[in-house]
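S.K.: Encoded as structure tokens, here's the structure I'll be asking about.
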Amino acid sequence: MGGGMTVMEEKVAIIEALIFASETPLTAERVMEIMPGAEKKEIVSLVGELVRQYGQRGGGICLREVAGGFQFQTRAELAPWIRKLKAVRPAMLSPAALETLAVVAYRQPLVKAEIDRIRGVDVSGALKGLLEKKIVRIVGRKDVPGKPIIYGTTRKFLEVFNLRDLSELPTLRELKDLHE
Amino acid sequence: MGGGMTVMEEKVAIIEALIFASETPLTAERVMEIMPGAEKKEIVSLVGELVRQYGQRGGGICLREVAGGFQFQTRAELAPWIRKLKAVRPAMLSPAALETLAVVAYRQPLVKAEIDRIRGVDVSGALKGLLEKKIVRIVGRKDVPGKPIIYGTTRKFLEVFNLRDLSELPTLRELKDLHE
Amino acid sequence: MNYEIKLDIFEGPLDLLLYLIRKNEIDICNIPIALITEQYLAHLGMMHSLNLDLAGEYLVLASTLVHIKSKMLLPPAEGEDEDEEGEDPRAELVQQLLEYQMFKEAALGLEDRPLLERDVFTRGAPGEAESAAEEEAMIEVGIFELVEAFRRIIAGLDHPEQLAIDAQKLSLADRINEIMDRLSEEKQTTFAELLGETADRRRIVYTFLAILELMKLRMIRAFQVGPFGAIRLFLSVEE
């Protein structure tokens with residue numbers, strides 16, 4: 001097979017692609033199922049060669065034996081950079097946050113009790129997250145006993161969803177038209 | 001940096017790891033946010049070197065420019081093996097969905113009535129499927145009576161169809177016969 | 001007859017028409033309209049007899065074809081100038097067909113690309129050395145997901161009709177947000193100030209409705225000094 005930049009043997013390329021695309025660590029047994037004719041001994045030796053290549057190369061990724069199979073991973077020493085990559089993901093919302101946001105967006109201005117009622121759960125957590133992300137804000141307070149807080153969306157909400165104003169939000173009727 | 005098995009420069013290793021770990025194609029801008037001090041020109045040239053290395057190596061994975069960023073992918077010729085691994089039939093778009101998508105991709109931004117007109121059928125169902133798959137999105141509303149919704153393609157469209165950007169779409173066959 | 005198998009794979013009336021043109025090896029710019037109309041209607045009849053759902057668009061095109069055919073049979077009307085005489089009744093349909101054909105080809109072009117999850121695959125496993133998967137599942141959202149989420153919620157409610165959205169309500173929310181912004185900054189304002197320089201009729205109406213809504217919600221209070229005095233607005237509850 002030879003190291004370095006020499007063109008790789010097709011069998012090795014297939015194994016490399018399989019390991020890369022597999023959602024779980026890829027075992028030699030699984031490779032045998034996919035590539036009939038390949039013997040376990042041969043597969044193990046080819047994978048070993050790949051592991052050695054990636055190790056020597058000292059790049060950002062390495063091939064490791066995990067849970068009885070093989071998996072590509074970023075090199076452990078580079079973890080701080082990867083954590084930085086994963087840290088802030090703008091405009092990402094959990095389904096619970098999305099539903100809460102939908103209620104606020106379409107029913108604003110409204111109090112938390114109303115969002116709880118519509119969603120059928122206590123939305124405290126989701127609401128807090130949306131306030132922290134500055135997608136939802138406190139619009140004001142209601143002059144009734146308890147002075148409940150009224151919520152609404154922010155300018156950032158419009159930016160995140162690329163809207164000029166709230167009236168650009170699609171209506172349910174328009175959605176229904178798409179359902180036919 | 002040098003080719004082959006020589007040990008890689010740390011900066012290139014970090015970029016390689018970031019591209020590998022990123023859930024979506026990684027842009028040079030994102031790398032700059034993560035690695036302050038790195039200049040865009042430098043990043044682009046280092047990534048270019050990586051692309052060249054993977055290309056020369058002829059392994060199972062390659063580094064490609066997609067949706068304005070970089071992404072590792074399995075080599076297209078190895079698809080039959082990966083499909084065997086995944087044991088699922090690829091979720092293909094129906095011809096109706098593909099035609100609708102083609103109209104949106106080339107004529108965007110546009111309203112549904114225009115897609116209906118070009119395809120000669122009501123595209124509600126196909127359009128909704130594309131919206132659900134996040135290949136098409138609502139861009140805004142047209143400032144005409146009725147304020148119809150305007151549609152366009154998403155970043156995911158570029159990812160799914162392996163396009164660097166919209167300008168990489170093949171040009172439409174000339175409409176020379178059309179206007180005399 | 002051998003077209004049965006083709007029936008359910010037409011993407012619409014234009015697609016059927018293109019098929020007939022190709023099958024007869026006809027120049028798209030010079031369609032023998034009588035022949036094509038006859039074959040088109042035969043297909044429709046067959047689809048009907050097979051109880052296939054005939055979308056309305058197929059019938060619309062059928063009537064267009066019949067109309068073009070009758071127009072072509074008529075001798076040029078008396079006194080028509082040359083321009084009109086030169087007008088081919090098929091021109092519009094031909095243009096539509098060419099445009100559709102172009103996008104049909106573009107669709108095939110898209111399908112030929114190396115498609116994600118069909119031809120090329122990305123990393124399958126979580127790629128970090130130490131899995132950072134402790135966060136809750138995150139999704140990226142667009143407006144469609146937002147309205148779809150809202151639809152899901154209200155579909156499960158007892159009285160969904162109370163929750164129907166209309167564009168009016170949303171325009172109102174815009175104005176309410178603006179008014180509350182202003183009040184939290186300036187503590188008080190007037191109706192005239194809220195309208196600003198623009199005297200857009202819609203803006204006046206929505207501003208007025210927003211004030212009424214805010215008063216109903218007991219979020220603001222309005223005072224007027226004298227019958228034609230300025231309407232002053234205050235927050236009901238100081239923050």
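Simple scheme: letters A, B, ... for chains in structure tokens order, numbers from 1 for residues in each chain, numbers from 1 for ligands in the order shown.
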Tell me, how big is the Cα RMSD between chain B and chain A, fit done by least squares on all Cα paired in order?
M.R.: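 C-alpha RMSD after least-squares superposition: 17.8 Å.
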S.K.: Within 7 Å of chain A, which residues belong to chain B? Use only C-alpha atoms and report them as a VMD selection string.
M.R.: chain B and resid 4 to 8 13 to 14 16 to 18 21 34 56 to 61 74 78 82 84 to 85 124 to 125 128 140 to 141
S.K.: Could you save those same residues with C-alpha atoms as a PDB file, in the first residue's frame?
M.R.:
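Final output, result-v1.pdb:
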```
ATOM      1  CA  GLY B   4       2.900  13.262   2.505  1.00  0.00           C
ATOM      2  CA  MET B   5       3.479  11.943   5.927  1.00  0.00           C
ATOM      3  CA  THR B   6       5.559  14.822   7.186  1.00  0.00           C
ATOM      4  CA  VAL B   7       4.073  16.181  10.370  1.00  0.00           C
ATOM      5  CA  MET B   8       1.469  18.805   9.716  1.00  0.00           C
ATOM      6  CA  ALA B  13      -4.322  20.517  11.967  1.00  0.00           C
ATOM      7  CA  ILE B  14      -6.673  22.838  13.868  1.00  0.00           C
ATOM      8  CA  GLU B  16      -8.760  20.214   9.630  1.00  0.00           C
ATOM      9  CA  ALA B  17     -10.245  19.284  13.014  1.00  0.00           C
ATOM     10  CA  LEU B  18     -12.685  22.208  12.885  1.00  0.00           C
ATOM     11  CA  ALA B  21     -16.173  18.535  13.729  1.00  0.00           C
ATOM     12  CA  ILE B  34     -12.463  30.760  16.373  1.00  0.00           C
ATOM     13  CA  GLN B  56      -3.938  13.594  -4.371  1.00  0.00           C
ATOM     14  CA  ARG B  57      -4.240  10.904  -1.767  1.00  0.00           C
ATOM     15  CA  GLY B  58      -7.251   9.365  -3.480  1.00  0.00           C
ATOM     16  CA  GLY B  59      -8.646   7.977  -0.231  1.00  0.00           C
ATOM     17  CA  GLY B  60     -12.214   7.382   0.786  1.00  0.00           C
ATOM     18  CA  ILE B  61     -12.883  10.947   1.850  1.00  0.00           C
ATOM     19  CA  THR B  74     -17.085  10.445   1.082  1.00  0.00           C
ATOM     20  CA  LEU B  78     -17.888   4.910  -3.269  1.00  0.00           C
ATOM     21  CA  ILE B  82     -21.941   3.577   1.877  1.00  0.00           C
ATOM     22  CA  LYS B  84     -24.946  -0.706   1.770  1.00  0.00           C
ATOM     23  CA  LEU B  85     -23.660   0.398   5.163  1.00  0.00           C
ATOM     24  CA  SER B 124     -48.862  23.471  -2.951  1.00  0.00           C
ATOM     25  CA  GLY B 125     -47.981  19.910  -2.015  1.00  0.00           C
ATOM     26  CA  LYS B 128     -44.782  22.260   1.409  1.00  0.00           C
ATOM     27  CA  GLY B 140     -40.516  37.490   2.872  1.00  0.00           C
ATOM     28  CA  ARG B 141     -43.598  39.019   1.403  1.00  0.00           C
TER      29      ARG B 141
END
```
S.K.: Chain C residues within 8 Å of chain B, counting only C-alpha atoms: which ones, as a ChimeraX atom specification?
M.R.: /C:11-14,57,95-96,98-100,102-104,106-111,113-123,126-128,142-145
S.K.: Give me, as a PyMOL selection string, the residues of chain B that a backbone DSSP run labels strand (DSSP E or B).
M.R.: chain B and resi 26+61-66+69-74+110-111+136-141+149-153
S.K.: Would you compute the distance between atom CA of Glu49 of chain B and atom CA of Val66 of chain A? Give it in Å to one decimal.
M.R.: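 A separation of 29.9 Å between them.
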S.K.: Hey, can you check how far atom CA of Tyr151 of chain A sits from atom CA of Lys112 of chain A?
M.R.: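 Distance reported for this atom pair: 7.4 Å.
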S.K.: Could you find all residues in segment 19-139 of chain B that DSSP calls alpha helix (DSSP H) from the backbone, and write them as an NGL selection string?
M.R.: :B and (19-21 or 28-34 or 40-57 or 79-86 or 95-107 or 112-119 or 124-132)
S.K.: Please measure the separation of atom CA of Ile149 of chain A and atom CA of Ile231 of chain C, giving the value in Å to one decimal.
M.R.: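 The value is 25.2 Å.
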S.K.: Return the single residue from B:Ile43, B:Lys156, B:Pro36, B:Glu65 that is closest to Ile135 of chain B, with distances computed using only C-alpha atoms.
M.R.: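 Of the candidates, the smallest distance to Ile135 of chain B is held by B:Lys156.
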S.K.: So which residues touch Gly69 of chain B within 7 Å, counting only C-alpha atoms, skipping near sequence neighbours fewer than 5 positions away, as a PDB file with all heavy atoms, in the first residue's frame?
M.R.:
```pdb
ATOM      1  N   PRO B  25     -21.034  22.907   6.582  1.00  0.00           N
ATOM      2  CA  PRO B  25     -19.794  23.336   5.931  1.00  0.00           C
ATOM      3  C   PRO B  25     -19.204  24.546   6.662  1.00  0.00           C
ATOM      4  O   PRO B  25     -19.902  25.497   6.969  1.00  0.00           O
ATOM      5  CB  PRO B  25     -20.260  23.694   4.522  1.00  0.00           C
ATOM      6  CG  PRO B  25     -21.443  22.817   4.292  1.00  0.00           C
ATOM      7  CD  PRO B  25     -22.136  22.730   5.615  1.00  0.00           C
ATOM      8  N   LEU B  26     -17.923  24.482   6.951  1.00  0.00           N
ATOM      9  CA  LEU B  26     -17.266  25.506   7.760  1.00  0.00           C
ATOM     10  C   LEU B  26     -16.724  26.628   6.872  1.00  0.00           C
ATOM     11  O   LEU B  26     -15.944  26.380   5.958  1.00  0.00           O
ATOM     12  CB  LEU B  26     -16.131  24.868   8.561  1.00  0.00           C
ATOM     13  CG  LEU B  26     -15.473  25.742   9.611  1.00  0.00           C
ATOM     14  CD1 LEU B  26     -16.394  25.918  10.810  1.00  0.00           C
ATOM     15  CD2 LEU B  26     -14.150  25.131  10.056  1.00  0.00           C
ATOM     16  N   THR B  27     -17.130  27.840   7.167  1.00  0.00           N
ATOM     17  CA  THR B  27     -16.673  28.965   6.359  1.00  0.00           C
ATOM     18  C   THR B  27     -15.366  29.525   6.923  1.00  0.00           C
ATOM     19  O   THR B  27     -15.058  29.355   8.103  1.00  0.00           O
ATOM     20  CB  THR B  27     -17.712  30.105   6.365  1.00  0.00           C
ATOM     21  OG1 THR B  27     -17.886  30.552   7.723  1.00  0.00           O
ATOM     22  CG2 THR B  27     -19.057  29.637   5.839  1.00  0.00           C
ATOM     23  N   ALA B  28     -14.637  30.224   6.056  1.00  0.00           N
ATOM     24  CA  ALA B  28     -13.394  30.871   6.491  1.00  0.00           C
ATOM     25  C   ALA B  28     -13.704  31.894   7.582  1.00  0.00           C
ATOM     26  O   ALA B  28     -12.926  32.064   8.527  1.00  0.00           O
ATOM     27  CB  ALA B  28     -12.717  31.541   5.300  1.00  0.00           C
TER      28      ALA B  28
END
```
